[in-house]
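Following: one structure in structure tokens, then a few remarks.
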Protein chains: 2
Amino acid sequence: MTQDWLDACLLEETAPNAATTKACEGAFTQGSGTLHLRGSLEEGLLAAPQNEAYMRLPANVTIEKPRHPRSKCGTYLPGVTGSHPLLREELVNLPNPLWLAPSFEGERYDLDRCDTRNYRRVLDMATGELTRSFRWHTRSGAVLHCRYRRIVSKARPNLIVQTASYTLETGAGRLAVTAGIDADLRTNGYDHFSRVEQSAEAGACQTLVETDTGDTVYLAARMHSPHLAFVPDGPGGKHLAAETVMAPGQTVTLTKLTAINASRDADGGGFEALARLLNGAGEDAEPLFAENAAAWHDLWAGCAVEIEGDTEAQRAINFSVYHLLRCAHSDPRVAVCAKGFSGEAYFGHFFWDTEIYLLPFFLHTRPETAKTLLSFRLLTLPGARKNARAYGYPGARYAWESGVDGTEQCPNWQYADHEVHVTADVVYGIWRYWRATGDEAFLRDSLSVLVETADYWLHRVYPAAPGVWHLNGVMGPDEYICLCNNNAYTNTLVAFALECTLEALHLAGKMGWPLPRGPAADEAWRQKAAAVAAGLARNHRPDGLILQCDGFDDYEEPHFSTTWPDRTKLWGSVVSQEKNYRTKALKQADALMLPFLFPDRYSDASVRKNLDYYLPYTTHDSSLSAVVHSILFTRLGEAGQAYTLFERAMNIDLDFAGGGAAEGVHIANCGGLWQAVVLGFGGMVPAEAGQAPEFHPHLPPHWRALRFRLNLGGTPHLVTIRDGAATLEPCSRDATADGGN
Amino acid sequence: MTQDWLDACLLEETAPNAATTKACEGAFTQGSGTLHLRGSLEEGLLAAPQNEAYMRLPANVTIEKPRHPRSKCGTYLPGVTGSHPLLREELVNLPNPLWLAPSFEGERYDLDRCDTRNYRRVLDMATGELTRSFRWHTRSGAVLHCRYRRIVSKARPNLIVQTASYTLETGAGRLAVTAGIDADLRTNGYDHFSRVEQSAEAGACQTLVETDTGDTVYLAARMHSPHLAFVPDGPGGKHLAAETVMAPGQTVTLTKLTAINASRDADGGGFEALARLLNGAGEDAEPLFAENAAAWHDLWAGCAVEIEGDTEAQRAINFSVYHLLRCAHSDPRVAVCAKGFSGEAYFGHFFWDTEIYLLPFFLHTRPETAKTLLSFRLLTLPGARKNARAYGYPGARYAWESGVDGTEQCPNWQYADHEVHVTADVVYGIWRYWRATGDEAFLRDSLSVLVETADYWLHRVYPAAPGVWHLNGVMGPDEYICLCNNNAYTNTLVAFALECTLEALHLAGKMGWPLPRGPAADEAWRQKAAAVAAGLARNHRPDGLILQCDGFDDYEEPHFSTTWPDRTKLWGSVVSQEKNYRTKALKQADALMLPFLFPDRYSDASVRKNLDYYLPYTTHDSSLSAVVHSILFTRLGEAGQAYTLFERAMNIDLDFAGGGAAEGVHIANCGGLWQAVVLGFGGMVPAEAGQAPEFHPHLPPHWRALRFRLNLGGTPHLVTIRDGAATLEPCSRDATADGGN
């Protein structure tokens, strides 16, 4: 990769800033797919205790103000959850393994309270390493140069490696360091630990917690240092402490290795497995850093996007791909949650984001990961059946906010009950994967999902007139309309899902695949499915306008010019929900999702008409909105509008001052940014399996070139777009990684 | 009153029945207006601890399953509230003053565990006395005849009087009695006491609690007994105990007097005031029972309804009037909450029930109480202003579930945000009071309410077309349609409220009353009010059908015959809310509220048309529904249908096996039953102030006669309906009370 690309992999915090600490914690999240760790400070912040208990209410997601304004540490194992009385299932914030807290001459280091200079913290997204250095001017007059480095190893996914070095540049005195595993913390203010066991011995400590849903998590830490002898912090102490008198100019170093596993692991987890992992890791951090960097190098080789001429866009797309790769895993028992396992918002639930926003990136660069994500839906079909039963229907209904077992975990009924499009979105994702890969075995395995979700729809629709079917009482992607009939997006996706199901059943017959139990073999059922697919009200007007839902015309004008003067605030935060629910204000693309997902079905004129109609009403309060509009404007050749919206999407996580990723990375937007670059500006038209994609590039004028990697039929390819033309060439992964120009 | 009437004042429980204990607790609630006490057992139930902590979720009110299935004691002072994290403000269940627990030879009496025979518990609604007697066959072989009697004194509204007598009919042995004030209890599972102080001395104990909103409540109890010497139950004991060895045939008696007041009382409450009250009450219960019975006699004299030929209806109307009179008070700082201060459901909040269901009874029998209830709205205008601001409007918006200060306390947003009709209902109530009483001073005092609520409406409506105004995004009385536009009921009430406001302003000008500050003097504002009143969409069709709301035709058929086979269950409990919200199923009268409230505006043919259309869709899941339909059928001369619905309403609280008043009395239905008898079967057409009402009676065929009392222009009147004719005669209160024939 080029130096420009490498430079744009550096995400920096150059000064400690109370207002952006939390945003950096989210943006700097490290992870191995298996284990994720927010970018919190090793020593924490004394002013931001992590054990504050409070009852987080599941307020409207747009207007919720989470607690812990300064800092929230976070350690997550996807799939390890607890049960919250209001938020329902939630990803549990595990004991914090970061803890390394130095004191000098009795002064405890704290970013708020100590004289800190030359501060620099950098996440190198090329290697996943987070480093931090600063000079601490201690009250004693001594100046200590502190340096930290850490990874969550992509090579050993259950291992965290930390090093610290303290160099005494001025003065002399006693350095004391405490270290350990902090189990006294909460998830969204709630204590999910029904059992906590901690112990320490010379150079090591360990923690066991059991969550209130029965998962057991094991953490074991070992300290290695030529200068510090860590011992338990008192008789029966559960943490570690060490101290030494430093001479002028002396450097004290230490390495902390923490391994984490859980009872839900294939091998059942436990301290013995952790000991093997720690024994195998050795005492020297350098080779661990190196193997992690190599693993990240390999990951980037298949996925990197290079933009010449736009450093900010380069950094933003690197940020997106970094977090997508961080989340990538091979465990079909989980998908990727709405915050990409980097914060407590949305409670670790799985949304439609997976199929609609994340899938294209993985499908076109790492189809095995796309398959893992879709396999989560196959595995959680029993949960989807439960959801259908809970609402009184046969078949399967995927959850708006899915728990690990597929059951509905959304704490707000208006979304849980009515945002049913997710069930069709899942089929859309399966179908897109099947068409792009030709993976017949997967399609065969998906038949139950297709048939049972179709069966749900056939009982959910309403016969409004002969041959006319309505889908009433739904919420579309635009969550600012609470309840409507015949949402164009939902109905179109449902009809598509029914058509896909019938096509898959037809193929199954040709191939001799066994049919799943249930109605699939029933000819009358198939005829009804075809009739509903054909007769479901679409609200597509002859003039090209896609009416969002029945009666959308009757919703009130929001009059943004007077009601929303300060556009730095979300519309949802300046209007009452009561008023919002009856205006035309849109949270995000809704009807316009259709030309985004089915570009060949809509003419440019229709796209233009719908953009003209809906954009003035669109608030982009959702992070899922800007990229879709950017792509549609790109298609129309309107580079200016497209880039403006792309910039908006770029800033969602990177605007630290505005909060950014404080509550977690907007991982769907990360996937959306990749789509905006590759499908939007790159103009890629994905092909069916075995064929080559087409490209109709529309680069922003200041982009000199765009390069990105694709996986086509198992072979890595490099696409280069320059001077309005695209070239596609197969390349070895190594060549890709080192290539470019 | 006749013997039949007196007999029908007895509400009996003739056998201890675990399934109905809680329903009896609610139905047997006693109260003085100032203080209310559920009909719990003196000794409690060991199997039903009252201190169980849990988080009650504000689920959909129809389907919520409250805890404490066996028993819930309840002691309430209207206006004494706490703050619950989810339910918001709630009426606090105060320390239980009932506690009297006998043991014999070491066997603690408990209804579940002890051999109990000849059980009888009776609430005499004529006097408000609750008595209980049974024979306890103790394990020791002795048989103890236990008798209890108690009142919450209408003569001394802060005083509870209890007596107990224990007669040893067989055997001999040691009787021990503990007594006290139990402060270890919860409200809806939540502990609202931030401070509890208890102490005891010989013959007396006291308790102070401070609620988490800062109200302090004082309770002081004194024991008087010729046979038992009560002393603290141990060193530093906070409760009382006494024991004696009983000889065969001996009777042991005791009297317990408990006085309760609160810091929010006019005099600030406190133990000194309680001591004065207790000193004044003396030691002898008999005169206290007698003065209470006399007070109840006076109350009944002005309000009793007598039905000849229908014992069940007589008991039901006595039950209704009893609880209405129990709730009647003269403190405008509170109204009457949805459960009439007899349970924890609806959290003590104040609803539209006040104006629409309770007001007519009080207006026509005790106009001073009607004025008190409406004065609550005048006093809480500042809260209504806050509600309007919170939603972004000027003016005043009354709360769907009002707290003591008028602010919105409804924990469910769909009702809080959208059930706006309450703001017009308040004006309807004010106007009805004004027309019936001619109370000019009150109308003058109400001008601010009229103008400020009107101002809210003028900003809440939407100009859909020139001269056409819409009211979008509302919930009508039928809470089974979540959100709709132009609900006919709401819009008609709003137009009425605007017309009343303009008429009141016109009168104010004539009378020279000072106008309230605000827009009232602005001619353009008045013109807009008139325009909106005239142009607000009503959804009244030319064929007489009142369409409930825009698009009601498009809602789905509920197909009750297949979807709701078991009609003993509520429809809302057998259907998912998701499905319910898109069907035509009605929870209660909605469009049909209009001919109920404005009978002269609708022809019989229109009433017939709307009943035919809506009744098949009406589930009567709400206790507010049956009486309205009964009255409309009466008007059409359909006695059978009218009586069937009347019976349904009668059973709402009296069907103990079905739950009845377990969570509290349905006080709105009590007011509704009175309306069904007087306005329905009695056919009363209330008159303007100074005029006599008309009567168009339609008695059920088996009713030989109907008599009821009215207050007309300050004078008590007796109405007698017999043989299809009504006579109206003024009478002295005493004559009324003893009269009849």
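Letters A, B, ... go to the chains of the structure tokens in the order shown; residues in each chain start at 1; ligands are counted from 1 in the same order.
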>> Could you list, as a ChimeraX atom specification, every residue within 8 Å of stretch 257-266 of chain A, counting only C-alpha atoms and ignoring same-chain residues fewer than 2 positions away?
In response: /A:80,97,158-162,215-223,255,268-270,274,277-278
> What's the 9 Å shell around stretch 106-121 of chain A, counting only C-alpha atoms, without same-chain residues fewer than 2 positions away, as a PyMOL selection string?
Replying inline: chain A and resi 11-16+18+41+43-47+101-104+123+130-140+174-176
Deliver the residues from the most recent selection as a file, using N, CA and C atoms, as a JSON list (two decimals), in the first residue's frame.
[["chain", "number", "residue", "atom", "x", "y", "z"],
["A", 11, "LEU", "N", -5.11, 7.22, 13.27],
["A", 11, "LEU", "CA", -6.20, 7.99, 13.87],
["A", 11, "LEU", "C", -5.64, 8.55, 15.16],
["A", 12, "GLU", "N", -5.59, 9.89, 15.25],
["A", 12, "GLU", "CA", -4.83, 10.50, 16.34],
["A", 12, "GLU", "C", -5.69, 11.32, 17.27],
["A", 13, "GLU", "N", -5.25, 11.31, 18.50],
["A", 13, "GLU", "CA", -5.76, 12.25, 19.49],
["A", 13, "GLU", "C", -4.51, 12.95, 20.02],
["A", 14, "THR", "N", -4.35, 14.24, 19.71],
["A", 14, "THR", "CA", -3.08, 14.90, 20.00],
["A", 14, "THR", "C", -3.11, 15.67, 21.30],
["A", 15, "ALA", "N", -4.26, 15.81, 21.89],
["A", 15, "ALA", "CA", -4.32, 16.49, 23.18],
["A", 15, "ALA", "C", -5.42, 15.86, 23.98],
["A", 16, "PRO", "N", -5.22, 15.70, 25.28],
["A", 16, "PRO", "CA", -6.31, 15.18, 26.10],
["A", 16, "PRO", "C", -7.43, 16.21, 26.11],
["A", 18, "ALA", "N", -11.40, 16.61, 27.40],
["A", 18, "ALA", "CA", -12.50, 16.00, 28.14],
["A", 18, "ALA", "C", -13.73, 15.79, 27.26],
["A", 41, "LEU", "N", -8.67, 4.56, 28.67],
["A", 41, "LEU", "CA", -7.34, 4.79, 29.22],
["A", 41, "LEU", "C", -6.96, 3.66, 30.16],
["A", 43, "GLU", "N", -5.41, 3.68, 32.91],
["A", 43, "GLU", "CA", -5.61, 3.96, 34.33],
["A", 43, "GLU", "C", -7.03, 4.46, 34.62],
["A", 44, "GLY", "N", -7.87, 4.54, 33.60],
["A", 44, "GLY", "CA", -9.22, 5.05, 33.81],
["A", 44, "GLY", "C", -9.21, 6.54, 34.08],
["A", 45, "LEU", "N", -10.35, 7.04, 34.50],
["A", 45, "LEU", "CA", -10.49, 8.44, 34.88],
["A", 45, "LEU", "C", -11.16, 8.45, 36.25],
["A", 46, "LEU", "N", -10.51, 9.07, 37.21],
["A", 46, "LEU", "CA", -11.07, 9.08, 38.56],
["A", 46, "LEU", "C", -12.46, 9.72, 38.58],
["A", 47, "ALA", "N", -12.68, 10.67, 37.68],
["A", 47, "ALA", "CA", -13.96, 11.38, 37.68],
["A", 47, "ALA", "C", -15.06, 10.59, 36.97],
["A", 101, "ALA", "N", -2.27, 1.32, 36.47],
["A", 101, "ALA", "CA", -2.37, 2.67, 37.03],
["A", 101, "ALA", "C", -1.08, 3.02, 37.76],
["A", 102, "PRO", "N", -0.28, 3.95, 37.21],
["A", 102, "PRO", "CA", 0.96, 4.34, 37.87],
["A", 102, "PRO", "C", 0.77, 5.46, 38.87],
["A", 103, "SER", "N", 1.57, 5.42, 39.90],
["A", 103, "SER", "CA", 1.68, 6.55, 40.83],
["A", 103, "SER", "C", 3.17, 6.89, 40.94],
["A", 104, "PHE", "N", 3.45, 8.15, 41.15],
["A", 104, "PHE", "CA", 4.85, 8.54, 41.33],
["A", 104, "PHE", "C", 4.94, 9.39, 42.58],
["A", 123, "LEU", "N", -4.27, 5.38, 17.04],
["A", 123, "LEU", "CA", -4.65, 4.04, 16.60],
["A", 123, "LEU", "C", -4.12, 3.86, 15.20],
["A", 130, "LEU", "N", -2.79, 0.34, 19.25],
["A", 130, "LEU", "CA", -3.11, 1.62, 19.88],
["A", 130, "LEU", "C", -1.94, 2.02, 20.76],
["A", 131, "THR", "N", -1.35, 3.17, 20.48],
["A", 131, "THR", "CA", -0.22, 3.64, 21.28],
["A", 131, "THR", "C", -0.56, 4.98, 21.90],
["A", 132, "ARG", "N", 0.15, 5.27, 22.97],
["A", 132, "ARG", "CA", -0.14, 6.50, 23.71],
["A", 132, "ARG", "C", 1.17, 6.91, 24.37],
["A", 133, "SER", "N", 1.47, 8.18, 24.28],
["A", 133, "SER", "CA", 2.66, 8.67, 24.96],
["A", 133, "SER", "C", 2.42, 10.07, 25.46],
["A", 134, "PHE", "N", 3.04, 10.38, 26.57],
["A", 134, "PHE", "CA", 2.93, 11.73, 27.14],
["A", 134, "PHE", "C", 4.00, 11.91, 28.19],
["A", 135, "ARG", "N", 4.24, 13.14, 28.52],
["A", 135, "ARG", "CA", 5.15, 13.45, 29.62],
["A", 135, "ARG", "C", 4.33, 13.90, 30.81],
["A", 136, "TRP", "N", 4.58, 13.23, 31.90],
["A", 136, "TRP", "CA", 3.87, 13.55, 33.14],
["A", 136, "TRP", "C", 4.80, 14.35, 34.02],
["A", 137, "HIS", "N", 4.45, 15.62, 34.20],
["A", 137, "HIS", "CA", 5.22, 16.49, 35.09],
["A", 137, "HIS", "C", 4.64, 16.32, 36.49],
["A", 138, "THR", "N", 5.27, 15.50, 37.26],
["A", 138, "THR", "CA", 4.71, 15.12, 38.56],
["A", 138, "THR", "C", 4.84, 16.27, 39.56],
["A", 139, "ARG", "N", 4.00, 16.18, 40.58],
["A", 139, "ARG", "CA", 4.07, 17.21, 41.62],
["A", 139, "ARG", "C", 5.42, 17.23, 42.31],
["A", 140, "SER", "N", 6.10, 16.09, 42.28],
["A", 140, "SER", "CA", 7.41, 16.01, 42.94],
["A", 140, "SER", "C", 8.49, 16.71, 42.13],
["A", 174, "ARG", "N", 9.90, 7.27, 43.63],
["A", 174, "ARG", "CA", 9.32, 5.94, 43.68],
["A", 174, "ARG", "C", 8.15, 5.84, 42.70],
["A", 175, "LEU", "N", 8.24, 4.87, 41.83],
["A", 175, "LEU", "CA", 7.15, 4.56, 40.91],
["A", 175, "LEU", "C", 6.39, 3.35, 41.45],
["A", 176, "ALA", "N", 5.09, 3.48, 41.57],
["A", 176, "ALA", "CA", 4.26, 2.33, 41.95],
["A", 176, "ALA", "C", 3.24, 2.12, 40.84]]
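Considering only C-alpha atoms, the residue among A:Ala200, A:Leu483, A:Val177, A:Leu443 positioned nearest to chain B is A:Leu483.
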>> With 6 Å as the limit and counting only C-alpha atoms, what residues in chain B lie close to chain A? Please list them as a list in words.
In response: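 Using only C-alpha atoms, chain B residues at most 6 Å from chain A: Tyr391, Asp417, Gly473, Ser576, Glu578 and Arg582 of chain B.
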Those selected residues, please, written with all heavy atoms and delivered as a CSV table (one decimal), in the first residue's frame.
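Saved result, part-v1.csv, follows:
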chain,number,residue,atom,x,y,z
B,391,TYR,N,-44.6,19.8,24.8
B,391,TYR,CA,-44.8,19.3,23.5
B,391,TYR,C,-44.6,20.4,22.4
B,391,TYR,O,-44.8,20.2,21.2
B,391,TYR,CB,-46.2,18.8,23.4
B,391,TYR,CG,-46.4,17.4,24.0
B,391,TYR,CD1,-47.0,17.3,25.3
B,391,TYR,CD2,-46.0,16.3,23.4
B,391,TYR,CE1,-47.2,16.1,25.9
B,391,TYR,CE2,-46.2,15.0,24.0
B,391,TYR,CZ,-46.7,14.9,25.3
B,391,TYR,OH,-46.9,13.7,25.9
B,417,ASP,N,-49.0,11.1,24.7
B,417,ASP,CA,-48.8,12.0,23.5
B,417,ASP,C,-50.0,12.3,22.8
B,417,ASP,O,-50.2,13.4,22.2
B,417,ASP,CB,-47.8,11.4,22.6
B,417,ASP,CG,-46.3,11.4,23.1
B,417,ASP,OD1,-46.1,11.8,24.3
B,417,ASP,OD2,-45.4,11.0,22.4
B,473,GLY,N,-52.8,12.8,14.2
B,473,GLY,CA,-52.0,12.1,15.1
B,473,GLY,C,-52.6,12.1,16.5
B,473,GLY,O,-51.9,12.5,17.5
B,576,SER,N,-52.6,-9.9,19.7
B,576,SER,CA,-51.4,-9.1,19.9
B,576,SER,C,-51.7,-7.6,19.7
B,576,SER,O,-52.6,-7.3,18.9
B,576,SER,CB,-50.3,-9.5,18.9
B,576,SER,OG,-50.7,-9.2,17.6
B,578,GLU,N,-50.0,-5.6,18.2
B,578,GLU,CA,-49.7,-5.3,16.8
B,578,GLU,C,-50.8,-5.5,15.9
B,578,GLU,O,-51.1,-4.7,15.0
B,578,GLU,CB,-48.5,-6.2,16.5
B,578,GLU,CG,-48.0,-6.2,15.1
B,578,GLU,CD,-48.6,-7.4,14.3
B,578,GLU,OE1,-48.3,-8.6,14.8
B,578,GLU,OE2,-49.2,-7.3,13.3
B,582,ARG,N,-54.4,-2.6,14.1
B,582,ARG,CA,-54.8,-2.4,12.7
B,582,ARG,C,-56.1,-3.0,12.4
B,582,ARG,O,-56.4,-3.1,11.2
B,582,ARG,CB,-53.7,-2.8,11.8
B,582,ARG,CG,-53.3,-4.3,11.9
B,582,ARG,CD,-52.1,-4.6,11.0
B,582,ARG,NE,-51.4,-5.7,11.6
B,582,ARG,CZ,-51.7,-7.0,11.3
B,582,ARG,NH1,-52.6,-7.3,10.5
B,582,ARG,NH2,-51.0,-7.9,11.9
> Hey, what's within 12 Å of B:Tyr76 if we count only C-alpha atoms and toss same-chain stuff fewer than 4 positions away? As a PyMOL selection string, please?
Replying inline: chain B and resi 29-38+80-82+90-97+152+158+187+217+260-262+327+337+339-344+347-348+664
Let me see the file: selected residues, C-alpha atoms, as a short mmCIF file (atom, residue, chain, number, x, y, z; two decimals), in the first residue's frame.
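Contents of result-v2.cif, as written:
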data_model
loop_
_atom_site.label_atom_id
_atom_site.label_comp_id
_atom_site.auth_asym_id
_atom_site.auth_seq_id
_atom_site.Cartn_x
_atom_site.Cartn_y
_atom_site.Cartn_z
CA THR B 29 -62.65 -0.26 50.49
CA GLN B 30 -63.70 2.24 53.15
CA GLY B 31 -62.97 5.91 53.08
CA SER B 32 -63.73 9.36 54.28
CA GLY B 33 -62.77 11.32 51.17
CA THR B 34 -59.59 12.26 53.00
CA LEU B 35 -58.38 8.76 53.84
CA HIS B 36 -59.00 5.43 52.12
CA LEU B 37 -58.39 1.90 53.29
CA ARG B 38 -58.73 -1.31 51.29
CA VAL B 80 -49.64 11.93 48.93
CA THR B 81 -47.50 10.61 46.12
CA GLY B 82 -44.11 9.16 45.35
CA GLU B 90 -47.89 7.42 41.94
CA LEU B 91 -50.26 7.43 44.87
CA VAL B 92 -48.29 5.92 47.73
CA ASN B 93 -49.52 2.93 49.66
CA LEU B 94 -49.02 4.18 53.21
CA PRO B 95 -48.14 2.12 56.28
CA ASN B 96 -50.91 -0.32 57.05
CA PRO B 97 -52.82 0.73 60.18
CA VAL B 152 -62.88 5.10 58.32
CA ASN B 158 -58.53 11.21 59.51
CA THR B 187 -46.45 0.46 46.18
CA VAL B 217 -47.15 11.15 56.73
CA ILE B 260 -53.35 9.66 60.06
CA ASN B 261 -52.40 13.00 58.63
CA ALA B 262 -49.78 14.47 56.36
CA CYS B 327 -64.41 9.47 47.26
CA CYS B 337 -58.21 8.95 40.61
CA LYS B 339 -59.43 3.56 40.90
CA GLY B 340 -61.13 5.85 43.39
CA PHE B 341 -58.22 5.55 45.80
CA SER B 342 -58.83 1.84 46.28
CA GLY B 343 -55.89 0.21 44.51
CA GLU B 344 -52.54 0.67 42.89
CA PHE B 347 -51.03 4.73 39.90
CA GLY B 348 -53.45 7.23 41.38
CA GLY B 664 -59.31 -1.10 42.73
#
